[in-house]
file work30.cif (mmCIF, C-alpha atoms and all ligand atoms)
data_data
loop_
_atom_site.group_PDB
_atom_site.id
_atom_site.type_symbol
_atom_site.label_atom_id
_atom_site.label_comp_id
_atom_site.auth_asym_id
_atom_site.auth_seq_id
_atom_site.Cartn_x
_atom_site.Cartn_y
_atom_site.Cartn_z
ATOM 1 C CA MET E 279 11.490 103.304 72.276
ATOM 2 C CA LYS E 280 12.061 100.220 74.365
ATOM 3 C CA LYS E 281 14.391 97.835 72.631
ATOM 4 C CA SER E 282 13.269 94.224 72.556
ATOM 5 C CA ALA E 283 15.755 91.598 73.497
ATOM 6 C CA ARG E 284 17.221 89.210 70.966
ATOM 7 C CA TRP E 285 18.217 85.829 72.261
ATOM 8 C CA ILE E 286 18.801 82.239 71.181
ATOM 9 C CA ASP E 287 17.870 79.193 73.296
ATOM 10 C CA TYR E 288 20.453 76.449 72.814
ATOM 11 C CA GLY E 289 18.901 73.752 75.005
ATOM 12 C CA HIS E 290 20.271 72.489 78.355
ATOM 13 C CA GLY E 291 18.789 75.655 79.898
ATOM 14 C CA VAL E 292 21.310 77.860 78.090
ATOM 15 C CA SER E 293 20.291 81.087 76.332
ATOM 16 C CA CYS E 294 22.581 83.505 74.499
ATOM 17 C CA ILE E 295 21.447 87.117 74.890
ATOM 18 C CA ASP E 296 22.615 89.847 72.516
ATOM 19 C CA THR E 297 23.864 92.666 74.760
ATOM 20 C CA GLU E 298 23.630 95.140 71.840
ATOM 21 C CA LEU E 299 27.029 96.717 72.423
ATOM 22 C CA PHE E 300 27.843 99.046 69.476
ATOM 23 C CA ARG E 301 25.752 96.849 67.119
ATOM 24 C CA SER E 302 23.716 93.641 67.174
ATOM 25 C CA GLY E 303 25.720 90.434 66.916
ATOM 26 C CA LEU E 304 28.906 91.810 68.492
ATOM 27 C CA ALA E 305 28.639 90.911 72.170
ATOM 28 C CA SER E 306 26.499 88.525 74.160
ATOM 29 C CA CYS E 307 26.051 87.066 77.592
ATOM 30 C CA TYR E 308 24.449 83.843 78.735
ATOM 31 C CA LEU E 309 21.550 82.919 80.957
ATOM 32 C CA MET E 310 21.693 79.424 82.421
ATOM 33 C CA ILE E 311 18.661 77.905 84.138
ATOM 34 C CA ASP E 312 18.701 74.669 86.088
ATOM 35 C CA GLY E 313 15.831 73.573 88.308
ATOM 36 C CA ASP E 314 14.622 76.656 90.137
ATOM 37 C CA GLU E 315 17.939 78.508 89.944
ATOM 38 C CA ALA E 316 19.566 80.685 87.337
ATOM 39 C CA ALA E 317 22.916 82.300 86.580
ATOM 40 C CA PHE E 318 24.176 84.954 84.218
ATOM 41 C CA ILE E 319 27.570 84.297 82.655
ATOM 42 C CA ASP E 320 28.910 87.698 81.586
ATOM 43 C CA THR E 321 26.581 90.668 81.932
ATOM 44 C CA GLY E 322 27.030 93.026 79.000
ATOM 45 C CA THR E 323 27.018 96.704 79.904
ATOM 46 C CA ARG E 324 24.692 98.800 81.972
ATOM 47 C CA ASN E 325 22.698 99.496 78.808
ATOM 48 C CA SER E 326 22.138 95.747 78.390
ATOM 49 C CA LEU E 327 20.394 95.429 81.758
ATOM 50 C CA PRO E 328 16.772 95.821 80.526
ATOM 51 C CA LEU E 329 17.469 93.160 77.872
ATOM 52 C CA LEU E 330 18.752 90.678 80.456
ATOM 53 C CA MET E 331 15.735 91.277 82.702
ATOM 54 C CA GLN E 332 13.389 90.806 79.709
ATOM 55 C CA VAL E 333 14.946 87.451 78.842
ATOM 56 C CA LEU E 334 14.831 86.334 82.470
ATOM 57 C CA SER E 335 11.128 87.091 82.697
ATOM 58 C CA ALA E 336 10.462 85.509 79.279
ATOM 59 C CA HIS E 337 11.779 82.271 80.798
ATOM 60 C CA GLY E 338 9.487 82.601 83.814
ATOM 61 C CA VAL E 339 12.385 83.137 86.208
ATOM 62 C CA SER E 340 12.066 85.754 88.933
ATOM 63 C CA PRO E 341 15.019 88.028 89.828
ATOM 64 C CA GLY E 342 15.153 86.344 93.251
ATOM 65 C CA GLN E 343 15.935 82.982 91.616
ATOM 66 C CA VAL E 344 19.211 84.171 90.124
ATOM 67 C CA ARG E 345 21.913 82.712 92.327
ATOM 68 C CA TRP E 346 25.097 83.633 90.473
ATOM 69 C CA VAL E 347 26.388 86.478 88.337
ATOM 70 C CA MET E 348 29.596 85.316 86.682
ATOM 71 C CA PRO E 349 31.585 87.848 84.666
ATOM 72 C CA THR E 350 34.337 85.793 82.977
ATOM 73 C CA HIS E 351 36.696 88.762 83.399
ATOM 74 C CA VAL E 352 36.485 92.441 84.250
ATOM 75 C CA HIS E 353 36.590 93.977 80.752
ATOM 76 C CA LEU E 354 33.535 96.181 80.389
ATOM 77 C CA ASP E 355 31.837 94.323 77.541
ATOM 78 C CA HIS E 356 31.669 91.370 79.982
ATOM 79 C CA ALA E 357 31.387 92.967 83.425
ATOM 80 C CA GLY E 358 30.410 96.607 82.821
ATOM 81 C CA GLY E 359 26.789 95.934 83.749
ATOM 82 C CA ALA E 360 27.552 93.691 86.734
ATOM 83 C CA GLY E 361 26.978 96.317 89.445
ATOM 84 C CA ALA E 362 23.663 97.520 88.033
ATOM 85 C CA LEU E 363 22.544 93.923 87.437
ATOM 86 C CA MET E 364 23.360 92.906 91.018
ATOM 87 C CA GLN E 365 21.071 95.684 92.266
ATOM 88 C CA GLN E 366 18.176 93.947 90.472
ATOM 89 C CA LEU E 367 18.933 90.470 91.791
ATOM 90 C CA PRO E 368 18.398 90.361 95.565
ATOM 91 C CA ASN E 369 19.793 86.844 96.146
ATOM 92 C CA ALA E 370 22.681 86.759 93.683
ATOM 93 C CA THR E 371 26.369 86.464 94.506
ATOM 94 C CA LEU E 372 29.018 87.764 92.100
ATOM 95 C CA LEU E 373 31.645 85.132 91.267
ATOM 96 C CA ILE E 374 34.851 86.710 90.082
ATOM 97 C CA HIS E 375 38.517 85.911 89.481
ATOM 98 C CA GLU E 376 40.752 86.898 92.384
ATOM 99 C CA ARG E 377 42.552 89.424 90.164
ATOM 100 C CA GLY E 378 39.253 91.075 89.211
ATOM 101 C CA ALA E 379 37.443 91.277 92.558
ATOM 102 C CA ALA E 380 38.868 94.631 93.704
ATOM 103 C CA HIS E 381 37.790 96.228 90.407
ATOM 104 C CA MET E 382 34.186 95.153 90.888
ATOM 105 C CA ILE E 383 34.068 96.500 94.460
ATOM 106 C CA ASN E 384 35.800 99.744 93.542
ATOM 107 C CA PRO E 385 35.500 100.301 89.780
ATOM 108 C CA GLU E 386 37.295 103.668 89.579
ATOM 109 C CA LYS E 387 40.556 102.305 88.190
ATOM 110 C CA LEU E 388 38.739 100.035 85.782
ATOM 111 C CA GLN E 389 36.726 102.983 84.541
ATOM 112 C CA ALA E 390 39.840 105.126 84.026
ATOM 113 C CA GLY E 391 41.662 102.302 82.222
ATOM 114 C CA SER E 392 38.726 101.630 79.920
ATOM 115 C CA LEU E 393 38.330 105.331 79.172
ATOM 116 C CA ALA E 394 41.947 105.378 77.993
ATOM 117 C CA VAL E 395 41.391 102.352 75.769
ATOM 118 C CA TYR E 396 38.064 103.360 74.171
ATOM 119 C CA GLY E 397 38.362 107.157 74.149
ATOM 120 C CA GLU E 398 35.848 109.381 75.903
ATOM 121 C CA ALA E 399 33.012 109.536 73.357
ATOM 122 C CA ARG E 400 32.915 105.800 72.670
ATOM 123 C CA TYR E 401 33.317 105.030 76.381
ATOM 124 C CA GLU E 402 30.430 107.299 77.473
ATOM 125 C CA ALA E 403 28.041 105.999 74.805
ATOM 126 C CA ALA E 404 28.751 102.367 75.589
ATOM 127 C CA PHE E 405 29.534 102.109 79.282
ATOM 128 C CA GLY E 406 28.837 105.227 81.399
ATOM 129 C CA SER E 407 29.735 105.233 85.072
ATOM 130 C CA LEU E 408 30.120 101.853 86.719
ATOM 131 C CA VAL E 409 28.103 100.724 89.737
ATOM 132 C CA PRO E 410 30.230 99.199 92.522
ATOM 133 C CA VAL E 411 29.293 95.763 93.869
ATOM 134 C CA PRO E 412 29.198 95.568 97.699
ATOM 135 C CA ALA E 413 32.108 93.447 98.940
ATOM 136 C CA SER E 414 29.704 91.285 100.954
ATOM 137 C CA ARG E 415 28.109 90.094 97.692
ATOM 138 C CA VAL E 416 31.399 89.206 95.973
ATOM 139 C CA GLN E 417 32.906 85.723 96.104
ATOM 140 C CA VAL E 418 36.340 85.043 94.646
ATOM 141 C CA VAL E 419 36.675 81.856 92.572
ATOM 142 C CA HIS E 420 39.808 79.838 91.834
ATOM 143 C CA ASP E 421 40.894 77.258 89.317
ATOM 144 C CA GLY E 422 39.238 73.918 90.100
ATOM 145 C CA ASP E 423 36.320 75.348 92.107
ATOM 146 C CA ASN E 424 32.951 73.698 91.566
ATOM 147 C CA ILE E 425 29.839 75.844 91.605
ATOM 148 C CA ARG E 426 26.382 74.405 92.067
ATOM 149 C CA LEU E 427 23.416 75.618 90.053
ATOM 150 C CA GLY E 428 20.215 73.628 90.548
ATOM 151 C CA LEU E 429 21.271 70.047 89.921
ATOM 152 C CA ARG E 430 24.307 70.822 87.817
ATOM 153 C CA GLU E 431 27.888 71.493 88.638
ATOM 154 C CA LEU E 432 29.986 74.129 86.940
ATOM 155 C CA ALA E 433 33.780 74.043 87.087
ATOM 156 C CA ILE E 434 35.971 77.123 87.115
ATOM 157 C CA ILE E 435 39.110 77.153 84.933
ATOM 158 C CA ASP E 436 41.769 79.857 85.231
ATOM 159 C CA THR E 437 42.520 81.015 81.661
ATOM 160 C CA PRO E 438 45.274 83.631 81.240
ATOM 161 C CA GLY E 439 46.202 84.790 77.710
ATOM 162 C CA HIS E 440 43.556 87.408 76.911
ATOM 163 C CA ALA E 441 43.625 88.732 80.483
ATOM 164 C CA ARG E 442 45.053 87.461 83.745
ATOM 165 C CA HIS E 443 41.717 88.022 85.495
ATOM 166 C CA HIS E 444 39.882 85.611 83.192
ATOM 167 C CA TYR E 445 38.116 82.356 84.019
ATOM 168 C CA VAL E 446 36.139 79.954 81.874
ATOM 169 C CA VAL E 447 33.141 77.903 83.014
ATOM 170 C CA TRP E 448 32.948 74.193 82.163
ATOM 171 C CA ASP E 449 29.399 72.878 82.045
ATOM 172 C CA ARG E 450 29.326 69.071 82.127
ATOM 173 C CA LYS E 451 25.633 68.965 81.262
ATOM 174 C CA SER E 452 26.013 70.545 77.813
ATOM 175 C CA ARG E 453 29.708 69.549 77.561
ATOM 176 C CA GLY E 454 30.252 73.216 76.780
ATOM 177 C CA LEU E 455 32.775 75.838 77.778
ATOM 178 C CA PHE E 456 31.622 79.372 78.497
ATOM 179 C CA CYS E 457 34.709 81.051 77.189
ATOM 180 C CA GLY E 458 34.327 84.813 77.514
ATOM 181 C CA ASP E 459 37.233 85.908 75.297
ATOM 182 C CA SER E 460 39.585 82.993 76.073
ATOM 183 C CA PHE E 461 38.601 81.054 72.960
ATOM 184 C CA GLY E 462 38.791 84.016 70.598
ATOM 185 C CA VAL E 463 36.229 85.992 68.653
ATOM 186 C CA SER E 464 34.211 84.343 65.884
ATOM 187 C CA TYR E 465 31.241 86.246 64.472
ATOM 188 C CA PRO E 466 28.623 83.935 62.910
ATOM 189 C CA GLU E 467 27.980 86.419 60.083
ATOM 190 C CA LEU E 468 31.636 86.126 58.982
ATOM 191 C CA ASN E 469 31.523 82.337 59.064
ATOM 192 C CA ASP E 470 29.940 82.046 55.633
ATOM 193 C CA GLY E 471 33.059 80.748 53.884
ATOM 194 C CA ILE E 472 34.650 77.318 53.611
ATOM 195 C CA ARG E 473 36.310 77.636 57.029
ATOM 196 C CA PRO E 474 35.257 79.658 60.057
ATOM 197 C CA PHE E 475 37.013 82.915 60.802
ATOM 198 C CA ILE E 476 38.384 83.363 64.303
ATOM 199 C CA PHE E 477 40.861 85.816 65.800
ATOM 200 C CA PRO E 478 42.375 86.498 69.207
ATOM 201 C CA PRO E 479 41.157 89.673 70.910
ATOM 202 C CA SER E 480 44.622 90.947 71.849
ATOM 203 C CA THR E 481 43.022 93.774 73.836
ATOM 204 C CA PRO E 482 45.215 95.873 76.193
ATOM 205 C CA VAL E 483 46.819 95.392 78.665
ATOM 206 C CA GLN E 484 47.455 91.724 79.501
ATOM 207 C CA PHE E 485 47.744 89.930 76.149
ATOM 208 C CA ASP E 486 50.121 87.008 76.696
ATOM 209 C CA PRO E 487 50.546 84.743 73.660
ATOM 210 C CA SER E 488 52.397 81.871 75.332
ATOM 211 C CA ALA E 489 49.925 81.708 78.234
ATOM 212 C CA TRP E 490 47.134 81.827 75.675
ATOM 213 C CA HIS E 491 48.442 78.824 73.708
ATOM 214 C CA SER E 492 48.553 76.829 76.973
ATOM 215 C CA THR E 493 45.040 77.962 77.876
ATOM 216 C CA ILE E 494 43.645 76.748 74.530
ATOM 217 C CA ASN E 495 45.369 73.371 74.988
ATOM 218 C CA ARG E 496 44.033 73.075 78.499
ATOM 219 C CA LEU E 497 40.475 73.903 77.393
ATOM 220 C CA MET E 498 40.701 71.262 74.664
ATOM 221 C CA GLU E 499 41.555 68.631 77.298
ATOM 222 C CA PHE E 500 37.929 68.862 78.460
ATOM 223 C CA ASN E 501 36.952 67.482 75.060
ATOM 224 C CA PRO E 502 34.178 70.060 74.709
ATOM 225 C CA ALA E 503 31.213 69.449 72.420
ATOM 226 C CA CYS E 504 30.808 73.192 72.035
ATOM 227 C CA VAL E 505 32.126 76.585 73.049
ATOM 228 C CA TYR E 506 29.883 79.498 74.003
ATOM 229 C CA LEU E 507 31.695 82.654 72.922
ATOM 230 C CA THR E 508 30.773 86.101 74.173
ATOM 231 C CA HIS E 509 31.678 87.319 70.667
ATOM 232 C CA PHE E 510 29.560 85.467 69.558
ATOM 233 C CA GLY E 511 27.280 82.508 70.242
ATOM 234 C CA LYS E 512 27.625 78.735 70.349
ATOM 235 C CA HIS E 513 30.091 76.944 68.058
ATOM 236 C CA GLU E 514 30.445 73.186 67.672
ATOM 237 C CA ASN E 515 33.477 72.967 65.370
ATOM 238 C CA VAL E 516 35.720 73.301 68.404
ATOM 239 C CA ALA E 517 38.886 71.533 67.201
ATOM 240 C CA GLU E 518 38.939 73.529 63.982
ATOM 241 C CA LEU E 519 38.500 76.795 65.873
ATOM 242 C CA ALA E 520 41.245 75.873 68.348
ATOM 243 C CA ALA E 521 43.703 75.129 65.537
ATOM 244 C CA ASP E 522 42.876 78.395 63.773
ATOM 245 C CA LEU E 523 43.107 80.402 66.984
ATOM 246 C CA HIS E 524 46.622 79.043 67.652
ATOM 247 C CA THR E 525 47.587 80.027 64.088
ATOM 248 C CA GLN E 526 46.119 83.514 64.412
ATOM 249 C CA ILE E 527 47.862 84.207 67.726
ATOM 250 C CA ASP E 528 51.174 83.344 66.057
ATOM 251 C CA ALA E 529 50.309 85.493 63.038
ATOM 252 C CA TYR E 530 49.543 88.460 65.310
ATOM 253 C CA VAL E 531 52.840 88.049 67.134
ATOM 254 C CA ARG E 532 54.746 87.917 63.841
ATOM 255 C CA MET E 533 52.957 91.009 62.567
ATOM 256 C CA VAL E 534 53.718 93.160 65.587
ATOM 257 C CA GLN E 535 57.304 91.907 65.689
ATOM 258 C CA ALA E 536 57.789 92.845 62.036
ATOM 259 C CA PHE E 537 56.044 96.152 62.510
ATOM 260 C CA ASP E 538 58.601 98.896 62.520
ATOM 261 C CA GLY E 539 56.642 102.121 63.011
ATOM 262 C CA VAL E 540 55.945 101.249 66.623
ATOM 263 C CA SER E 541 54.709 104.719 67.466
ATOM 264 C CA ASP E 542 51.415 104.468 65.667
ATOM 265 C CA SER E 543 48.741 101.985 66.563
ATOM 266 C CA GLU E 544 46.588 103.125 63.610
ATOM 267 C CA ASP E 545 49.165 101.744 61.156
ATOM 268 C CA LEU E 546 49.178 98.426 62.933
ATOM 269 C CA ALA E 547 45.362 98.414 63.025
ATOM 270 C CA SER E 548 45.249 98.737 59.231
ATOM 271 C CA LEU E 549 47.790 95.933 58.898
ATOM 272 C CA LEU E 550 45.616 93.700 61.100
ATOM 273 C CA MET E 551 42.541 94.705 59.126
ATOM 274 C CA GLN E 552 44.217 93.799 55.838
ATOM 275 C CA HIS E 553 45.195 90.461 57.355
ATOM 276 C CA SER E 554 41.531 89.824 58.306
ATOM 277 C CA VAL E 555 40.324 90.826 54.831
ATOM 278 C CA ASP E 556 42.853 88.412 53.261
ATOM 279 C CA GLU E 557 41.952 85.604 55.656
ATOM 280 C CA LEU E 558 38.256 86.011 54.847
ATOM 281 C CA ALA E 559 38.984 86.119 51.108
ATOM 282 C CA SER E 560 40.952 82.863 51.398
ATOM 283 C CA ARG E 561 37.878 81.337 53.071
ATOM 284 C CA ARG E 562 35.737 82.574 50.162
ATOM 285 C CA SER E 563 33.510 84.641 52.445
ATOM 286 C CA ARG E 564 30.830 86.568 50.558
ATOM 287 C CA HIS E 565 31.600 89.725 52.523
ATOM 288 C CA ASP E 566 33.474 92.429 50.645
ATOM 289 C CA ALA E 567 36.326 94.435 52.109
ATOM 290 C CA GLY E 568 34.050 97.387 52.949
ATOM 291 C CA ASP E 569 31.717 95.165 54.949
ATOM 292 C CA ILE E 570 34.596 93.512 56.769
ATOM 293 C CA ARG E 571 36.139 96.851 57.661
ATOM 294 C CA ARG E 572 32.832 98.055 59.043
ATOM 295 C CA LEU E 573 32.330 94.916 61.140
ATOM 296 C CA LEU E 574 35.873 94.645 62.495
ATOM 297 C CA SER E 575 37.195 98.187 62.833
ATOM 298 C CA GLY E 576 36.574 98.430 66.596
ATOM 299 C CA ASP E 577 38.186 95.033 67.187
ATOM 300 C CA MET E 578 41.255 95.782 65.083
ATOM 301 C CA ASP E 579 41.814 99.124 66.864
ATOM 302 C CA LEU E 580 41.811 97.389 70.250
ATOM 303 C CA ASN E 581 43.944 94.529 68.942
ATOM 304 C CA ALA E 582 46.593 96.928 67.642
ATOM 305 C CA GLN E 583 46.714 98.782 70.964
ATOM 306 C CA GLY E 584 47.060 95.540 72.894
ATOM 307 C CA LEU E 585 49.792 94.125 70.661
ATOM 308 C CA LEU E 586 51.825 97.330 70.891
ATOM 309 C CA HIS E 587 51.424 97.380 74.639
ATOM 310 C CA TRP E 588 52.634 93.777 74.806
ATOM 311 C CA ILE E 589 55.712 94.254 72.626
ATOM 312 C CA ARG E 590 56.760 97.502 74.349
ATOM 313 C CA ARG E 591 56.413 95.904 77.760
ATOM 314 C CA GLY E 592 58.646 93.071 76.516
ATOM 315 C CA ARG E 593 61.246 95.525 75.245
ATOM 316 C CA ALA E 594 61.173 97.540 78.461
ATOM 317 C CA ALA E 595 61.669 94.407 80.580
HETATM 318 ZN ZN ZN G 601 35.150 90.858 75.140
#
call {"tool": "encode", "arguments": {"input": "work30.cif", "output": "structure tokens"}}
result
Amino acid sequence: MKKSARWIDYGHGVSCIDTELFRSGLASCYLMIDGDEAAFIDTGTRNSLPLLMQVLSAHGVSPGQVRWVMPTHVHLDHAGGAGALMQQLPNATLLIHERGAAHMINPEKLQAGSLAVYGEARYEAAFGSLVPVPASRVQVVHDGDNIRLGLRELAIIDTPGHARHHYVVWDRKSRGLFCGDSFGVSYPELNDGIRPFIFPPSTPVQFDPSAWHSTINRLMEFNPACVYLTHFGKHENVAELAADLHTQIDAYVRMVQAFDGVSDSEDLASLLMQHSVDELASRRSRHDAGDIRRLLSGDMDLNAQGLLHWIRRGRAA
């Protein structure tokens, strides 16, 4: 059966599309429309493609009007569908961080790396084989670049911390930052307590806590009215989220530093999960531990792997 797309229109020509990775409400991407031009910021996976095309057509935009495809970084929940999407958009150019460009043109290494992180079964179900993007359709972007879409200007910000191939898009019109993973993960369904719940996706293999703290500070200098998170949706309590994200990055670092059984990422994943359960309890979330474990198990597995990779790299250096 054909799945129908779920999306939210936020105004200013910005729509958040659920890319339906693993479950609803986990990953999104954004469609931005200005005048007679459109852009996708992040792309979801190859399986998300029909959903993106549905939302485009629901807004009366033809594939030929899409000018930019902008994966914030080359992790597959953000860029896995980029190649297949580009094939549907005859006039689009892919805008990508200089450290990510080669992986979009020749995705073999990216595919192998992601297979190692997700495991074969989960990888195949979610991502499948990646479609390369022809080099002639790829444009590298740098910190400070301005991109035109219709009448608006989008600024590119280099944002290491989650990954070194990550950029964020500043949209003056909505005073919003399209953050990919650089402003953490905050699922609306877990924000039912007295404070929102946010955590850093410390995914392998380029987690860098000190760079990440600087990135958050730099993003806050734009004085954003909102952040558009890939995981998940638009959030307006930006200062509160920034403060909590700083705190959580430090908590993660302390946990992996104190973690002695460094051979087993499953042990660390359960430690991180317990931390999340406690944090949500302190916020008086209505979700019970079983619910939280179900919603966050994939995230905590990746976070444990990334933290262990980071601390071992530090020790080896
Ligand atoms: Zn992500």
call {"tool": "residues_around", "arguments": {"input": "work30.cif", "residues": "Ala413 (chain E)", "least_positions_apart": "4", "cutoff": "9 Å", "atoms": "only C-alpha atoms", "output": "PyMOL selection string"}}
result
chain E and resi 379-380+382-383+417
call {"tool": "write_last_selection", "arguments": {"input": "work30.cif", "atoms": "C-alpha atoms", "output": "tab-separated table (two decimals), in the frame of the given file"}}
result
chain	number	residue	atom	x	y	z
E	379	ALA	CA	37.44	91.28	92.56
E	380	ALA	CA	38.87	94.63	93.70
E	382	MET	CA	34.19	95.15	90.89
E	383	ILE	CA	34.07	96.50	94.46
E	417	GLN	CA	32.91	85.72	96.10
call {"tool": "residues_near_point", "arguments": {"input": "work30.cif", "point": "(32.0, 88.6, 54.1)", "cutoff": "9 Å", "atoms": "only C-alpha atoms", "output": "mmCIF file with C-alpha atoms, in the coordinates of the input"}}
result
data_model
loop_
_atom_site.group_PDB
_atom_site.id
_atom_site.type_symbol
_atom_site.label_atom_id
_atom_site.label_comp_id
_atom_site.auth_asym_id
_atom_site.auth_seq_id
_atom_site.Cartn_x
_atom_site.Cartn_y
_atom_site.Cartn_z
ATOM 1 C CA GLU E 467 27.980 86.419 60.083
ATOM 2 C CA LEU E 468 31.636 86.126 58.982
ATOM 3 C CA ASN E 469 31.523 82.337 59.064
ATOM 4 C CA ASP E 470 29.940 82.046 55.633
ATOM 5 C CA GLY E 471 33.059 80.748 53.884
ATOM 6 C CA VAL E 555 40.324 90.826 54.831
ATOM 7 C CA LEU E 558 38.256 86.011 54.847
ATOM 8 C CA ALA E 559 38.984 86.119 51.108
ATOM 9 C CA ARG E 562 35.737 82.574 50.162
ATOM 10 C CA SER E 563 33.510 84.641 52.445
ATOM 11 C CA ARG E 564 30.830 86.568 50.558
ATOM 12 C CA HIS E 565 31.600 89.725 52.523
ATOM 13 C CA ASP E 566 33.474 92.429 50.645
ATOM 14 C CA ALA E 567 36.326 94.435 52.109
ATOM 15 C CA ASP E 569 31.717 95.165 54.949
ATOM 16 C CA ILE E 570 34.596 93.512 56.769
#
call {"tool": "closest_residue", "arguments": {"input": "work30.cif", "among": "E:Arg571, E:Arg590, E:His351, E:Arg496", "to": "ligand ZN 601 (chain G)", "atoms": "only C-alpha atoms and all ligand atoms"}}
result
E:His351
call {"tool": "closest_atom_pairs", "arguments": {"input": "work30.cif", "of": "chain E", "to": "ligand ZN 601 (chain G)", "cutoff": "8 Å", "atoms": "only C-alpha atoms and all ligand atoms", "output": "JSON lines"}}
result
{"residue": "E:Ala305", "atom": "CA", "partner": "G:ZN601", "partner_atom": "ZN", "distance": 7.2}
{"residue": "E:His353", "atom": "CA", "partner": "G:ZN601", "partner_atom": "ZN", "distance": 6.6}
{"residue": "E:Leu354", "atom": "CA", "partner": "G:ZN601", "partner_atom": "ZN", "distance": 7.6}
{"residue": "E:Asp355", "atom": "CA", "partner": "G:ZN601", "partner_atom": "ZN", "distance": 5.4}
{"residue": "E:His356", "atom": "CA", "partner": "G:ZN601", "partner_atom": "ZN", "distance": 6.0}
{"residue": "E:Gly458", "atom": "CA", "partner": "G:ZN601", "partner_atom": "ZN", "distance": 6.5}
{"residue": "E:Asp459", "atom": "CA", "partner": "G:ZN601", "partner_atom": "ZN", "distance": 5.4}
{"residue": "E:Pro479", "atom": "CA", "partner": "G:ZN601", "partner_atom": "ZN", "distance": 7.4}
{"residue": "E:Thr508", "atom": "CA", "partner": "G:ZN601", "partner_atom": "ZN", "distance": 6.5}
{"residue": "E:His509", "atom": "CA", "partner": "G:ZN601", "partner_atom": "ZN", "distance": 6.7}
call {"tool": "resolve_selection", "arguments": {"input": "work30.cif", "expression": "the PyMOL selection byres (((chain E and resi 366-370) around 6) and not hetatm)", "output": "list in words"}}
result
Pro341, Gly342, Val344, Arg345, Trp346, Leu363, Met364, Gln365 and Thr371 of chain E
call {"tool": "write_last_selection", "arguments": {"input": "work30.cif", "atoms": "C-alpha atoms", "output": "PDB file, in the coordinates of the input"}}
result
ATOM      1  CA  PRO E 341      15.019  88.028  89.828  1.00  0.00           C
ATOM      2  CA  GLY E 342      15.153  86.344  93.251  1.00  0.00           C
ATOM      3  CA  VAL E 344      19.211  84.171  90.124  1.00  0.00           C
ATOM      4  CA  ARG E 345      21.913  82.712  92.327  1.00  0.00           C
ATOM      5  CA  TRP E 346      25.097  83.633  90.473  1.00  0.00           C
ATOM      6  CA  LEU E 363      22.544  93.923  87.437  1.00  0.00           C
ATOM      7  CA  MET E 364      23.360  92.906  91.018  1.00  0.00           C
ATOM      8  CA  GLN E 365      21.071  95.684  92.266  1.00  0.00           C
ATOM      9  CA  THR E 371      26.369  86.464  94.506  1.00  0.00           C
TER      10      THR E 371
END
call {"tool": "build_atoms", "arguments": {"input": "work30.cif", "residues": "region 394-405 of chain E", "atoms": "N, CA and C atoms", "output": "compact mmCIF listing (two decimals), in the coordinates of the input"}}
result
# COMPACT_ATOMS: atom_id res chain seq x y z
N ALA E 394 40.71 105.20 78.76
CA ALA E 394 41.95 105.38 77.99
C ALA E 394 41.93 104.49 76.75
N VAL E 395 41.39 103.29 76.89
CA VAL E 395 41.39 102.35 75.77
C VAL E 395 40.36 102.75 74.70
N TYR E 396 39.15 103.11 75.13
CA TYR E 396 38.06 103.36 74.17
C TYR E 396 38.00 104.80 73.69
N GLY E 397 38.56 105.73 74.46
CA GLY E 397 38.36 107.16 74.15
C GLY E 397 37.04 107.61 74.75
N GLU E 398 36.96 108.92 75.08
CA GLU E 398 35.85 109.38 75.90
C GLU E 398 34.46 109.20 75.27
N ALA E 399 34.34 109.57 73.99
CA ALA E 399 33.01 109.54 73.36
C ALA E 399 32.48 108.11 73.30
N ARG E 400 33.33 107.19 72.82
CA ARG E 400 32.92 105.80 72.67
C ARG E 400 32.64 105.18 74.05
N TYR E 401 33.49 105.56 75.02
CA TYR E 401 33.32 105.03 76.38
C TYR E 401 31.96 105.45 76.94
N GLU E 402 31.66 106.77 76.88
CA GLU E 402 30.43 107.30 77.47
C GLU E 402 29.20 106.66 76.84
N ALA E 403 29.20 106.56 75.50
CA ALA E 403 28.04 106.00 74.81
C ALA E 403 27.81 104.55 75.20
N ALA E 404 28.90 103.80 75.40
CA ALA E 404 28.75 102.37 75.59
C ALA E 404 28.64 101.97 77.06
N PHE E 405 29.37 102.65 77.93
CA PHE E 405 29.53 102.11 79.28
C PHE E 405 29.03 103.01 80.41
